[in-house]
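Trainee: Next up, query29.pdb (PDB, C-alpha atoms and all ligand atoms).
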ATOM      1  CA  MET U 240     -27.397  43.334 -54.942  1.00  0.00           C
ATOM      2  CA  PHE U 241     -30.063  40.962 -53.645  1.00  0.00           C
ATOM      3  CA  ASP U 242     -31.953  41.566 -50.382  1.00  0.00           C
ATOM      4  CA  ILE U 243     -30.216  40.355 -47.232  1.00  0.00           C
ATOM      5  CA  GLU U 244     -32.579  39.664 -44.335  1.00  0.00           C
ATOM      6  CA  LEU U 245     -32.010  38.670 -40.737  1.00  0.00           C
ATOM      7  CA  VAL U 246     -34.404  36.586 -38.620  1.00  0.00           C
ATOM      8  CA  VAL U 247     -34.188  34.896 -35.236  1.00  0.00           C
ATOM      9  CA  GLY U 248     -35.747  31.485 -35.583  1.00  0.00           C
ATOM     10  CA  ASP U 249     -35.545  27.866 -36.594  1.00  0.00           C
ATOM     11  CA  LEU U 250     -34.020  27.087 -39.985  1.00  0.00           C
ATOM     12  CA  THR U 251     -36.278  24.033 -40.349  1.00  0.00           C
ATOM     13  CA  THR U 252     -39.351  26.280 -40.627  1.00  0.00           C
ATOM     14  CA  MET U 253     -38.041  28.500 -43.427  1.00  0.00           C
ATOM     15  CA  ALA U 254     -40.187  28.477 -46.571  1.00  0.00           C
ATOM     16  CA  VAL U 255     -37.402  29.313 -49.026  1.00  0.00           C
ATOM     17  CA  ASP U 256     -36.009  27.670 -52.153  1.00  0.00           C
ATOM     18  CA  ALA U 257     -32.995  26.300 -50.241  1.00  0.00           C
ATOM     19  CA  VAL U 258     -31.912  26.031 -46.625  1.00  0.00           C
ATOM     20  CA  VAL U 259     -28.201  25.549 -46.001  1.00  0.00           C
ATOM     21  CA  ASN U 260     -27.269  22.765 -43.600  1.00  0.00           C
ATOM     22  CA  ALA U 261     -24.202  23.074 -41.359  1.00  0.00           C
ATOM     23  CA  ALA U 262     -23.274  19.458 -41.962  1.00  0.00           C
ATOM     24  CA  ASN U 263     -20.179  17.381 -41.300  1.00  0.00           C
ATOM     25  CA  SER U 264     -18.013  15.679 -43.878  1.00  0.00           C
ATOM     26  CA  THR U 265     -19.848  12.342 -43.565  1.00  0.00           C
ATOM     27  CA  LEU U 266     -23.134  13.979 -44.672  1.00  0.00           C
ATOM     28  CA  LEU U 267     -24.865  11.418 -42.449  1.00  0.00           C
ATOM     29  CA  GLY U 268     -26.382  13.810 -39.929  1.00  0.00           C
ATOM     30  CA  GLY U 269     -25.366  14.955 -36.482  1.00  0.00           C
ATOM     31  CA  GLY U 270     -26.525  17.387 -33.813  1.00  0.00           C
ATOM     32  CA  GLY U 271     -27.258  21.087 -33.989  1.00  0.00           C
ATOM     33  CA  VAL U 272     -28.918  22.412 -37.112  1.00  0.00           C
ATOM     34  CA  ASP U 273     -27.883  19.236 -38.994  1.00  0.00           C
ATOM     35  CA  GLY U 274     -29.847  17.102 -36.572  1.00  0.00           C
ATOM     36  CA  ALA U 275     -32.810  19.487 -36.593  1.00  0.00           C
ATOM     37  CA  LEU U 276     -33.013  19.496 -40.396  1.00  0.00           C
ATOM     38  CA  HIS U 277     -32.819  15.705 -40.639  1.00  0.00           C
ATOM     39  CA  ARG U 278     -35.493  15.289 -37.960  1.00  0.00           C
ATOM     40  CA  ALA U 279     -37.823  17.736 -39.707  1.00  0.00           C
ATOM     41  CA  ALA U 280     -37.089  16.437 -43.226  1.00  0.00           C
ATOM     42  CA  GLY U 281     -37.643  12.797 -42.390  1.00  0.00           C
ATOM     43  CA  PRO U 282     -35.648   9.706 -43.373  1.00  0.00           C
ATOM     44  CA  GLN U 283     -35.639  10.436 -47.089  1.00  0.00           C
ATOM     45  CA  LEU U 284     -33.103  13.216 -46.571  1.00  0.00           C
ATOM     46  CA  LEU U 285     -30.628  10.778 -45.008  1.00  0.00           C
ATOM     47  CA  GLU U 286     -31.352   8.264 -47.766  1.00  0.00           C
ATOM     48  CA  GLU U 287     -30.481  10.865 -50.389  1.00  0.00           C
ATOM     49  CA  CYS U 288     -27.297  11.809 -48.513  1.00  0.00           C
ATOM     50  CA  ARG U 289     -26.310   8.150 -48.325  1.00  0.00           C
ATOM     51  CA  GLY U 290     -26.705   7.947 -52.103  1.00  0.00           C
ATOM     52  CA  ILE U 291     -24.384  10.909 -52.594  1.00  0.00           C
ATOM     53  CA  VAL U 292     -21.798   9.432 -50.232  1.00  0.00           C
ATOM     54  CA  ALA U 293     -21.979   6.101 -52.076  1.00  0.00           C
ATOM     55  CA  ARG U 294     -21.425   7.837 -55.426  1.00  0.00           C
ATOM     56  CA  GLN U 295     -18.857  10.496 -54.556  1.00  0.00           C
ATOM     57  CA  GLY U 296     -17.860  10.120 -50.900  1.00  0.00           C
ATOM     58  CA  GLY U 297     -18.484  12.756 -48.236  1.00  0.00           C
ATOM     59  CA  CYS U 298     -18.203  16.553 -48.458  1.00  0.00           C
ATOM     60  CA  GLU U 299     -14.936  18.433 -47.972  1.00  0.00           C
ATOM     61  CA  THR U 300     -14.742  21.425 -45.608  1.00  0.00           C
ATOM     62  CA  GLY U 301     -15.859  24.521 -47.510  1.00  0.00           C
ATOM     63  CA  ASP U 302     -17.588  22.472 -50.192  1.00  0.00           C
ATOM     64  CA  VAL U 303     -21.305  21.911 -50.909  1.00  0.00           C
ATOM     65  CA  VAL U 304     -23.792  19.309 -52.159  1.00  0.00           C
ATOM     66  CA  ILE U 305     -27.514  19.759 -52.898  1.00  0.00           C
ATOM     67  CA  THR U 306     -30.379  17.388 -52.125  1.00  0.00           C
ATOM     68  CA  GLY U 307     -34.147  17.432 -51.990  1.00  0.00           C
ATOM     69  CA  SER U 308     -35.746  18.456 -48.720  1.00  0.00           C
ATOM     70  CA  GLY U 309     -38.076  15.624 -47.685  1.00  0.00           C
ATOM     71  CA  GLU U 310     -40.858  17.043 -45.496  1.00  0.00           C
ATOM     72  CA  LEU U 311     -39.246  20.477 -45.072  1.00  0.00           C
ATOM     73  CA  LEU U 312     -40.995  23.624 -46.368  1.00  0.00           C
ATOM     74  CA  ALA U 313     -37.832  24.487 -48.313  1.00  0.00           C
ATOM     75  CA  ARG U 314     -37.487  22.912 -51.778  1.00  0.00           C
ATOM     76  CA  TYR U 315     -33.822  21.978 -51.440  1.00  0.00           C
ATOM     77  CA  VAL U 316     -31.156  21.478 -48.795  1.00  0.00           C
ATOM     78  CA  ILE U 317     -27.644  22.644 -49.604  1.00  0.00           C
ATOM     79  CA  HIS U 318     -25.257  20.805 -47.298  1.00  0.00           C
ATOM     80  CA  THR U 319     -21.960  22.483 -46.516  1.00  0.00           C
ATOM     81  CA  VAL U 320     -19.187  21.660 -44.068  1.00  0.00           C
ATOM     82  CA  GLY U 321     -17.786  24.503 -42.038  1.00  0.00           C
ATOM     83  CA  PRO U 322     -14.271  24.500 -40.579  1.00  0.00           C
ATOM     84  CA  VAL U 323     -13.706  23.444 -36.977  1.00  0.00           C
ATOM     85  CA  TRP U 324     -12.241  26.440 -35.078  1.00  0.00           C
ATOM     86  CA  ARG U 325      -8.528  26.198 -34.195  1.00  0.00           C
ATOM     87  CA  ALA U 326      -7.035  29.563 -33.273  1.00  0.00           C
ATOM     88  CA  GLN U 327      -3.512  28.655 -34.356  1.00  0.00           C
ATOM     89  CA  VAL U 328      -4.595  28.157 -37.977  1.00  0.00           C
ATOM     90  CA  ALA U 329      -7.389  30.756 -38.089  1.00  0.00           C
ATOM     91  CA  ASP U 330      -6.051  32.453 -41.222  1.00  0.00           C
ATOM     92  CA  ARG U 331      -6.331  29.161 -43.082  1.00  0.00           C
ATOM     93  CA  LEU U 332      -9.852  28.465 -41.782  1.00  0.00           C
ATOM     94  CA  ASP U 333     -11.468  31.825 -42.579  1.00  0.00           C
ATOM     95  CA  PRO U 334     -11.423  31.301 -46.377  1.00  0.00           C
ATOM     96  CA  LEU U 335     -12.960  27.857 -45.885  1.00  0.00           C
ATOM     97  CA  LEU U 336     -15.838  29.364 -43.910  1.00  0.00           C
ATOM     98  CA  ALA U 337     -16.301  32.038 -46.579  1.00  0.00           C
ATOM     99  CA  SER U 338     -16.387  29.278 -49.176  1.00  0.00           C
ATOM    100  CA  CYS U 339     -19.337  27.620 -47.405  1.00  0.00           C
ATOM    101  CA  TYR U 340     -21.376  30.747 -48.117  1.00  0.00           C
ATOM    102  CA  SER U 341     -20.115  31.562 -51.613  1.00  0.00           C
ATOM    103  CA  ARG U 342     -20.269  27.978 -52.911  1.00  0.00           C
ATOM    104  CA  SER U 343     -23.775  27.544 -51.435  1.00  0.00           C
ATOM    105  CA  LEU U 344     -24.923  30.631 -53.339  1.00  0.00           C
ATOM    106  CA  GLU U 345     -23.143  29.470 -56.507  1.00  0.00           C
ATOM    107  CA  LEU U 346     -24.905  26.110 -56.284  1.00  0.00           C
ATOM    108  CA  ALA U 347     -28.269  27.775 -55.601  1.00  0.00           C
ATOM    109  CA  ALA U 348     -27.773  30.084 -58.591  1.00  0.00           C
ATOM    110  CA  ALA U 349     -26.773  27.118 -60.775  1.00  0.00           C
ATOM    111  CA  HIS U 350     -30.191  25.651 -59.936  1.00  0.00           C
ATOM    112  CA  GLY U 351     -31.930  28.951 -60.700  1.00  0.00           C
ATOM    113  CA  LEU U 352     -33.062  29.394 -57.093  1.00  0.00           C
ATOM    114  CA  GLY U 353     -34.362  32.724 -55.780  1.00  0.00           C
ATOM    115  CA  SER U 354     -34.144  32.481 -51.984  1.00  0.00           C
ATOM    116  CA  VAL U 355     -31.556  30.916 -49.643  1.00  0.00           C
ATOM    117  CA  ALA U 356     -31.512  30.741 -45.838  1.00  0.00           C
ATOM    118  CA  PHE U 357     -28.287  30.227 -43.871  1.00  0.00           C
ATOM    119  CA  PRO U 358     -27.605  29.250 -40.263  1.00  0.00           C
ATOM    120  CA  ASN U 359     -24.547  30.672 -38.488  1.00  0.00           C
ATOM    121  CA  ILE U 360     -22.202  28.026 -39.862  1.00  0.00           C
ATOM    122  CA  SER U 361     -19.418  26.694 -37.586  1.00  0.00           C
ATOM    123  CA  THR U 362     -20.497  28.762 -34.560  1.00  0.00           C
ATOM    124  CA  GLY U 363     -22.008  25.864 -32.619  1.00  0.00           C
ATOM    125  CA  VAL U 364     -20.303  22.491 -32.223  1.00  0.00           C
ATOM    126  CA  TYR U 365     -17.416  23.675 -34.428  1.00  0.00           C
ATOM    127  CA  GLY U 366     -16.652  26.489 -32.004  1.00  0.00           C
ATOM    128  CA  TYR U 367     -15.959  29.384 -34.369  1.00  0.00           C
ATOM    129  CA  PRO U 368     -15.936  32.773 -32.612  1.00  0.00           C
ATOM    130  CA  LYS U 369     -19.356  34.242 -33.366  1.00  0.00           C
ATOM    131  CA  GLU U 370     -18.143  37.761 -34.232  1.00  0.00           C
ATOM    132  CA  ARG U 371     -15.414  36.475 -36.569  1.00  0.00           C
ATOM    133  CA  ALA U 372     -17.841  34.078 -38.251  1.00  0.00           C
ATOM    134  CA  ALA U 373     -20.515  36.766 -38.650  1.00  0.00           C
ATOM    135  CA  ARG U 374     -18.073  39.132 -40.375  1.00  0.00           C
ATOM    136  CA  ILE U 375     -16.938  36.359 -42.735  1.00  0.00           C
ATOM    137  CA  ALA U 376     -20.509  35.322 -43.544  1.00  0.00           C
ATOM    138  CA  ILE U 377     -21.723  38.849 -44.276  1.00  0.00           C
ATOM    139  CA  THR U 378     -18.647  39.744 -46.334  1.00  0.00           C
ATOM    140  CA  ALA U 379     -18.935  36.569 -48.431  1.00  0.00           C
ATOM    141  CA  VAL U 380     -22.682  36.979 -49.042  1.00  0.00           C
ATOM    142  CA  ARG U 381     -22.429  40.697 -49.882  1.00  0.00           C
ATOM    143  CA  SER U 382     -19.552  40.011 -52.235  1.00  0.00           C
ATOM    144  CA  PHE U 383     -21.586  37.348 -54.072  1.00  0.00           C
ATOM    145  CA  GLY U 384     -24.539  39.761 -54.194  1.00  0.00           C
ATOM    146  CA  ARG U 385     -22.676  41.900 -56.714  1.00  0.00           C
ATOM    147  CA  ARG U 386     -23.091  39.142 -59.310  1.00  0.00           C
ATOM    148  CA  GLU U 387     -26.179  38.992 -61.554  1.00  0.00           C
ATOM    149  CA  THR U 388     -27.805  35.643 -60.651  1.00  0.00           C
ATOM    150  CA  SER U 389     -31.276  34.205 -60.001  1.00  0.00           C
ATOM    151  CA  ILE U 390     -30.906  34.866 -56.279  1.00  0.00           C
ATOM    152  CA  ARG U 391     -33.208  37.596 -54.958  1.00  0.00           C
ATOM    153  CA  THR U 392     -33.135  37.042 -51.192  1.00  0.00           C
ATOM    154  CA  VAL U 393     -30.625  35.700 -48.703  1.00  0.00           C
ATOM    155  CA  ILE U 394     -31.778  35.219 -45.119  1.00  0.00           C
ATOM    156  CA  PHE U 395     -29.486  34.806 -42.137  1.00  0.00           C
ATOM    157  CA  VAL U 396     -31.348  32.702 -39.584  1.00  0.00           C
ATOM    158  CA  CYS U 397     -29.949  33.173 -36.074  1.00  0.00           C
ATOM    159  CA  PHE U 398     -30.926  30.682 -33.427  1.00  0.00           C
ATOM    160  CA  ASN U 399     -29.965  32.948 -30.545  1.00  0.00           C
ATOM    161  CA  ASP U 400     -29.955  36.637 -29.738  1.00  0.00           C
ATOM    162  CA  GLU U 401     -26.155  36.771 -29.396  1.00  0.00           C
ATOM    163  CA  ASN U 402     -25.710  36.005 -33.079  1.00  0.00           C
ATOM    164  CA  ALA U 403     -28.671  38.190 -34.072  1.00  0.00           C
ATOM    165  CA  VAL U 404     -27.194  41.257 -32.337  1.00  0.00           C
ATOM    166  CA  LEU U 405     -23.856  40.710 -34.091  1.00  0.00           C
ATOM    167  CA  TYR U 406     -25.446  40.200 -37.525  1.00  0.00           C
ATOM    168  CA  ARG U 407     -27.692  43.263 -37.078  1.00  0.00           C
ATOM    169  CA  ARG U 408     -24.713  45.425 -36.138  1.00  0.00           C
ATOM    170  CA  PHE U 409     -22.510  44.234 -38.993  1.00  0.00           C
ATOM    171  CA  LEU U 410     -25.274  44.383 -41.621  1.00  0.00           C
ATOM    172  CA  ASP U 411     -26.197  47.936 -40.579  1.00  0.00           C
ATOM    173  CA  ALA U 412     -22.531  48.970 -40.660  1.00  0.00           C
ATOM    174  CA  ALA U 413     -22.049  47.456 -44.134  1.00  0.00           C
ATOM    175  CA  SER U 414     -25.161  49.259 -45.455  1.00  0.00           C
ATOM    176  CA  ALA U 415     -24.080  52.558 -43.899  1.00  0.00           C
ATOM    177  CA  ALA U 416     -20.611  52.242 -45.413  1.00  0.00           C
ATOM    178  CA  GLU U 417     -22.177  51.771 -48.841  1.00  0.00           C
ATOM    179  CA  SER U 418     -24.637  54.700 -48.702  1.00  0.00           C
TER
HETATM  180  N1  LIG U 501     -32.118  26.666 -36.751  1.00  0.00           N
HETATM  181  C1  LIG U 501     -31.175  27.618 -36.935  1.00  0.00           C
HETATM  182  N2  LIG U 501     -29.967  27.594 -36.351  1.00  0.00           N
HETATM  183  C2  LIG U 501     -29.713  26.554 -35.520  1.00  0.00           C
HETATM  184  C3  LIG U 501     -30.638  25.512 -35.281  1.00  0.00           C
HETATM  185  C4  LIG U 501     -31.887  25.604 -35.933  1.00  0.00           C
HETATM  186  N3  LIG U 501     -32.845  24.669 -35.769  1.00  0.00           N
HETATM  187  N4  LIG U 501     -30.066  24.623 -34.420  1.00  0.00           N
HETATM  188  C5  LIG U 501     -28.849  25.101 -34.125  1.00  0.00           C
HETATM  189  N5  LIG U 501     -28.634  26.270 -34.778  1.00  0.00           N
HETATM  190  C6  LIG U 501     -27.472  27.154 -34.752  1.00  0.00           C
HETATM  191  C7  LIG U 501     -26.543  27.035 -33.578  1.00  0.00           C
HETATM  192  O1  LIG U 501     -27.038  27.762 -32.469  1.00  0.00           O
HETATM  193  C8  LIG U 501     -25.290  27.672 -34.168  1.00  0.00           C
HETATM  194  O2  LIG U 501     -25.387  29.086 -34.045  1.00  0.00           O
HETATM  195  O3  LIG U 501     -26.683  26.822 -35.882  1.00  0.00           O
HETATM  196  C9  LIG U 501     -25.378  27.320 -35.665  1.00  0.00           C
HETATM  197  C10 LIG U 501     -24.399  26.242 -36.104  1.00  0.00           C
HETATM  198  O4  LIG U 501     -24.262  25.312 -35.040  1.00  0.00           O
HETATM  199  P1  LIG U 501     -24.164  23.731 -35.326  1.00  0.00           P
HETATM  200  O5  LIG U 501     -25.471  23.245 -35.795  1.00  0.00           O
HETATM  201  O6  LIG U 501     -23.569  23.114 -34.108  1.00  0.00           O
HETATM  202  O7  LIG U 501     -23.166  23.616 -36.552  1.00  0.00           O
HETATM  203  P2  LIG U 501     -21.580  23.784 -36.611  1.00  0.00           P
HETATM  204  O8  LIG U 501     -21.043  24.629 -35.505  1.00  0.00           O
HETATM  205  O9  LIG U 501     -21.305  24.181 -38.024  1.00  0.00           O
HETATM  206  O10 LIG U 501     -21.051  22.305 -36.330  1.00  0.00           O
HETATM  207  C11 LIG U 501     -21.342  21.328 -37.295  1.00  0.00           C
HETATM  208  O11 LIG U 501     -22.345  19.915 -35.666  1.00  0.00           O
HETATM  209  O12 LIG U 501     -24.462  19.163 -35.754  1.00  0.00           O
HETATM  210  C12 LIG U 501     -23.172  18.813 -36.018  1.00  0.00           C
HETATM  211  O13 LIG U 501     -23.329  17.271 -37.846  1.00  0.00           O
HETATM  212  C13 LIG U 501     -22.951  18.586 -37.480  1.00  0.00           C
HETATM  213  O14 LIG U 501     -20.778  17.702 -37.102  1.00  0.00           O
HETATM  214  C14 LIG U 501     -21.479  18.841 -37.570  1.00  0.00           C
HETATM  215  C15 LIG U 501     -21.274  19.990 -36.599  1.00  0.00           C
END
Could you spell out this file's structure in structure tokens?
Mentor:
Amino acid sequence: MFDIELVVGDLTTMAVDAVVNAANSTLLGGGGVDGALHRAAGPQLLEECRGIVARQGGCETGDVVITGSGELLARYVIHTVGPVWRAQVADRLDPLLASCYSRSLELAAAHGLGSVAFPNISTGVYGYPKERAARIAITAVRSFGRRETSIRTVIFVCFNDENAVLYRRFLDAASAAES
């Protein structure tokens, strides 16, 4: 199992091998963490995303693409598209949110990366209930952590205390259940 850390802060400042962007399917930027990453990375990030879109189209919900990071401290950006919350189809959306985390880690491992930082995907503009999303994120990351890969550290970066309290509680409970 790799180390799982929790910080309250700004994903754009993380000095890790890869930061994970909560993108949209166009890959052409937006608000929230997507907008913050593009602003901090500079125009070359958007240029690289445009190239991907031209070659293979956008990114499906639950899927991932990797790019360089422009001016960011991180070496790479892994772009993933979380599901938009709709209560009536929640059971269909949960696996897609889990896939954002597991496929991001698979892609990071395929590139031999050691450290990955995640935002709280889908819990902003996409409206996912924070507690439900936190449980899905932690379960997906801990499940991947049982594999032997290059990944040594995964960091959950919460932008607000509400998410941080939830992640702290669920991470502590998961550790206690294992010991
Ligand atoms: N660092 C870390 N977390 C951040 C930052 C930041 N700089 N900015 C926002 N967040 C947090 C939000 O508070 C929220 O908890 O990231 C989480 C995800 O929120 P969004 O960025 O709104 O992402 P999401 O809910 O997945 O919606 C994606 O929003 O920005 C657009 O282009 C994006 O259309 C896509 C949609």
Trainee: Given a cut-off of 8 Å, what residues near ligand LIG 501 (chain U) show up using all atoms listed in the file, put as a PyMOL selection string?
Mentor: chain U and resi 248-251+261-264+266-276+320-323+357-367+369+396-399+402
Trainee: Please check which residues have atoms at most 6 Å from (-25.0, 24.8, -45.7) in the file's coordinates, counting all atoms listed in the file, and write them as a ChimeraX atom specification.
Mentor: /U:259-261,317-319
Trainee: Report as JSON the centre and the edge lengths, in Å to one decimal, of the axis-aligned box holding every listed atom of region 382-387 of chain U, padded by 8 Å on each side.
Mentor:
{"center_x": -22.9, "center_y": 39.6, "center_z": -56.9, "size_x": 22.6, "size_y": 20.6, "size_z": 25.3}
Trainee: Expanded to explicit residues, what is the PyMOL selection byres (((chain U and resi 258) around 6) and not hetatm) for this file, as a PyMOL selection string?
Mentor: chain U and resi 257+259+316+355-356
Trainee: Taking (-14.9, 33.6, -39.5) in the file's own coordinates, collect the residues within 9 Å, counting all atoms listed in the file, and hand them back as a PyMOL selection string.
Mentor: chain U and resi 324+329+332-337+361-362+367-376
Trainee: Let me make sure I understand: among U:Leu410, U:Ala293, U:Ile390, U:Ala415, which one has the smallest atom-to-atom distance to Ala348 (chain U) if we use all atoms listed in the file?
Mentor: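 Checking each candidate against Ala348 (chain U), we get U:Ile390 as the closest.
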Trainee: In terms of the shortest atom-to-atom distance over all atoms listed in the file, which of U:Leu346, U:Val247, U:Ile394, U:Leu311 is closest to Gln283 (chain U)?
Mentor: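 Among U:Leu346, U:Val247, U:Ile394, U:Leu311, it is U:Leu311 that comes nearest to Gln283 (chain U).
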Trainee: Mind telling me what the PyMOL selection byres (((chain U and resi 383) around 9) and not hetatm) catches here, as a ChimeraX atom specification?
Mentor: /U:240,340-341,344-345,378-382,384-387
Trainee: Provide the CA of Ala413 (chain U) to CA of Thr392 (chain U) distance in Å, to one decimal place.
Mentor: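 Going from CA of Ala413 (chain U) over to CA of Thr392 (chain U), I get 16.8 Å.
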